[in-house]
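Accompanying notes for the structure given below.
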Amino acid sequence: MDSSSGQQEFDYLFKLLIIGDSGVGKSSLLLCFTTDDFQDLSPTIGVDFKVKYMMMGGKKLKLAIWDTAGQERFRTLTSSYYRGAQGIIMVYDVTRRETFTNLSEIWAKEVDLYSTNPDCIKMLVGNKVDKEADKVVTKKEGIDFARECGCLFIECSAKTRVNVQQ
């Protein structure tokens, strides 16, 4: 807050959470979204946090995006991050079936258990579509699962930037 003018630097603040198995590209997606850069990153330890400002409908939005570790040993840490989140992004790797299966077996259950906001918007993201030849989870499977969970759905690639801003 700027004390001289009493004005906030944004109109709305949204807390978003990115969840999913280790290695699905959560941190790469976040980096690509916030800096338009791609890097193969090492696994996140605990949680990482990035901020992005954007304009939408004449309003300045501040997105506080929490990037969680996918490894099981960090799961107990993550329950507190769900508190008050307005958006939860569940990411899977389209080339690794178990990362998709784990969404319903593990991650969707966590969302139900820990999410405190009944109006939370959920989005299902199939990452790594640049690896078309290795794809094992179809777009239709993604759409069907998203429908089942009441999620928005998109396929993207952090590497080629396809659909990342969307």
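For the structure tokens, the naming scheme is as follows: chains receive sequential letters (A, B, ...) according to their order of presentation, residues are indexed from 1 within each chain, and ligands are indexed from 1 in presentation order.
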Practice task
For stretch 110-116 of chain A, please output as a PyMOL selection string all residues within 7 Å (counting only C-alpha atoms; exclusion window: fewer than 6 positions along the same chain).
Solution key: chain A and resi 79+82-84
Emit the selected residues as a short mmCIF file (atom, residue, chain, number, x, y, z; two decimals), in the first residue's frame, including N, CA and C atoms.
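Dumped everything to part28.cif:
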```
data_model
loop_
_atom_site.label_atom_id
_atom_site.label_comp_id
_atom_site.auth_asym_id
_atom_site.auth_seq_id
_atom_site.Cartn_x
_atom_site.Cartn_y
_atom_site.Cartn_z
N SER A 79 -1.46 -28.87 3.48
CA SER A 79 -2.84 -28.64 3.92
C SER A 79 -3.11 -27.17 4.25
N TYR A 82 -3.95 -24.62 1.31
CA TYR A 82 -5.28 -24.62 0.70
C TYR A 82 -6.18 -23.54 1.28
N ARG A 83 -5.91 -23.18 2.53
CA ARG A 83 -6.78 -22.24 3.24
C ARG A 83 -6.95 -20.93 2.48
N GLY A 84 -8.20 -20.61 2.16
CA GLY A 84 -8.50 -19.33 1.52
C GLY A 84 -8.16 -19.22 0.04
#
```
Problem - Contacts of A:Ser104 at 12 Å (only C-alpha atoms; same-chain gap of 2+ positions) as a VMD selection string - result: chain A and resid 20 to 21 90 to 92 97 to 102 106 to 112 124 142 145 to 146 148 to 149
Go ahead and dump the residues you just picked, N, CA, C and O atoms, as a short mmCIF file (atom, residue, chain, number, x, y, z; two decimals), in the first residue's frame.
```cif
data_model
loop_
_atom_site.label_atom_id
_atom_site.label_comp_id
_atom_site.auth_asym_id
_atom_site.auth_seq_id
_atom_site.Cartn_x
_atom_site.Cartn_y
_atom_site.Cartn_z
N GLY A 20 -0.16 -31.28 -7.81
CA GLY A 20 0.02 -32.42 -8.72
C GLY A 20 1.31 -33.14 -8.38
O GLY A 20 2.11 -32.67 -7.56
N ASP A 21 1.49 -34.29 -9.01
CA ASP A 21 2.67 -35.13 -8.76
C ASP A 21 3.97 -34.39 -9.07
O ASP A 21 3.99 -33.45 -9.87
N MET A 90 -4.85 -28.15 -10.84
CA MET A 90 -4.34 -29.52 -10.72
C MET A 90 -3.64 -29.87 -12.03
O MET A 90 -4.26 -29.84 -13.10
N VAL A 91 -2.35 -30.20 -11.94
CA VAL A 91 -1.54 -30.44 -13.14
C VAL A 91 -1.15 -31.91 -13.23
O VAL A 91 -0.79 -32.53 -12.24
N TYR A 92 -1.23 -32.46 -14.46
CA TYR A 92 -0.71 -33.80 -14.73
C TYR A 92 0.12 -33.74 -16.00
O TYR A 92 0.05 -32.79 -16.78
N ARG A 97 0.74 -41.67 -17.30
CA ARG A 97 -0.60 -42.05 -16.86
C ARG A 97 -0.79 -41.93 -15.34
O ARG A 97 -1.82 -41.46 -14.88
N GLU A 98 0.21 -42.35 -14.56
CA GLU A 98 0.03 -42.35 -13.09
C GLU A 98 -0.18 -40.93 -12.54
O GLU A 98 -0.86 -40.76 -11.54
N THR A 99 0.36 -39.92 -13.22
CA THR A 99 0.18 -38.54 -12.74
C THR A 99 -1.28 -38.11 -12.93
O THR A 99 -1.79 -37.28 -12.18
N PHE A 100 -1.95 -38.70 -13.92
CA PHE A 100 -3.37 -38.43 -14.17
C PHE A 100 -4.22 -39.22 -13.18
O PHE A 100 -5.13 -38.68 -12.56
N THR A 101 -3.90 -40.50 -13.01
CA THR A 101 -4.61 -41.37 -12.07
C THR A 101 -4.55 -40.80 -10.65
O THR A 101 -5.55 -40.81 -9.93
N ASN A 102 -3.39 -40.29 -10.27
CA ASN A 102 -3.21 -39.74 -8.92
C ASN A 102 -4.06 -38.50 -8.65
O ASN A 102 -4.30 -38.17 -7.50
N ILE A 106 -5.52 -39.12 -5.21
CA ILE A 106 -4.87 -38.35 -4.15
C ILE A 106 -5.28 -36.88 -4.15
O ILE A 106 -5.84 -36.38 -3.18
N TRP A 107 -5.01 -36.18 -5.24
CA TRP A 107 -5.10 -34.71 -5.25
C TRP A 107 -6.54 -34.18 -5.11
O TRP A 107 -6.77 -33.25 -4.34
N ALA A 108 -7.50 -34.75 -5.83
CA ALA A 108 -8.89 -34.28 -5.72
C ALA A 108 -9.41 -34.50 -4.30
O ALA A 108 -10.17 -33.69 -3.76
N LYS A 109 -8.97 -35.59 -3.66
CA LYS A 109 -9.37 -35.88 -2.28
C LYS A 109 -8.79 -34.83 -1.33
O LYS A 109 -9.45 -34.40 -0.39
N GLU A 110 -7.55 -34.43 -1.58
CA GLU A 110 -6.92 -33.38 -0.77
C GLU A 110 -7.69 -32.06 -0.90
O GLU A 110 -7.89 -31.37 0.09
N VAL A 111 -8.09 -31.74 -2.13
CA VAL A 111 -8.84 -30.51 -2.36
C VAL A 111 -10.13 -30.54 -1.54
O VAL A 111 -10.46 -29.58 -0.83
N ASP A 112 -10.86 -31.66 -1.60
CA ASP A 112 -12.10 -31.80 -0.84
C ASP A 112 -11.86 -31.68 0.66
O ASP A 112 -12.65 -31.09 1.40
N LEU A 124 -8.14 -28.11 -14.32
CA LEU A 124 -7.33 -29.28 -14.62
C LEU A 124 -6.44 -28.93 -15.81
O LEU A 124 -6.92 -28.44 -16.83
N GLY A 142 -9.14 -36.17 -20.16
CA GLY A 142 -8.97 -34.95 -19.37
C GLY A 142 -10.27 -34.20 -19.23
O GLY A 142 -10.66 -33.81 -18.13
N PHE A 145 -12.74 -36.13 -16.93
CA PHE A 145 -12.38 -36.03 -15.52
C PHE A 145 -12.69 -34.62 -14.99
O PHE A 145 -13.20 -34.46 -13.88
N ALA A 146 -12.39 -33.61 -15.80
CA ALA A 146 -12.66 -32.22 -15.41
C ALA A 146 -14.16 -32.02 -15.17
O ALA A 146 -14.56 -31.38 -14.19
N GLU A 148 -16.35 -34.30 -14.35
CA GLU A 148 -16.67 -35.06 -13.14
C GLU A 148 -16.36 -34.26 -11.87
O GLU A 148 -17.10 -34.31 -10.90
N CYS A 149 -15.24 -33.54 -11.88
CA CYS A 149 -14.79 -32.78 -10.71
C CYS A 149 -15.28 -31.34 -10.69
O CYS A 149 -14.97 -30.60 -9.76
#
```
Exercise for the section: Fewer than 2 positions away in the same chain doesn't count, so skip those; otherwise give me all residues within 7 Å of A:Ala85, counting only C-alpha atoms, as JSON, numbers by chain. Expected result: {"A": [15, 16, 17, 82, 83, 87, 88, 117, 120]}
Exercise for the section: Any chance you could list, as number ranges by chain, the residues in stretch 24-151 of chain A that come up helix (DSSP H, G or I) when DSSP is run on the backbone? Expected result: A: 26-35, 72-82, 97-114, 132-134, 139-149
Exercise for the section: Find, counting only C-alpha atoms, the residue in A:Thr138, A:Gln166, A:Gln86, A:Asn127 that gets nearest to A:Leu29. Expected result: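 Between A:Thr138, A:Gln166, A:Gln86, A:Asn127, the residue approaching A:Leu29 most closely is A:Asn127.
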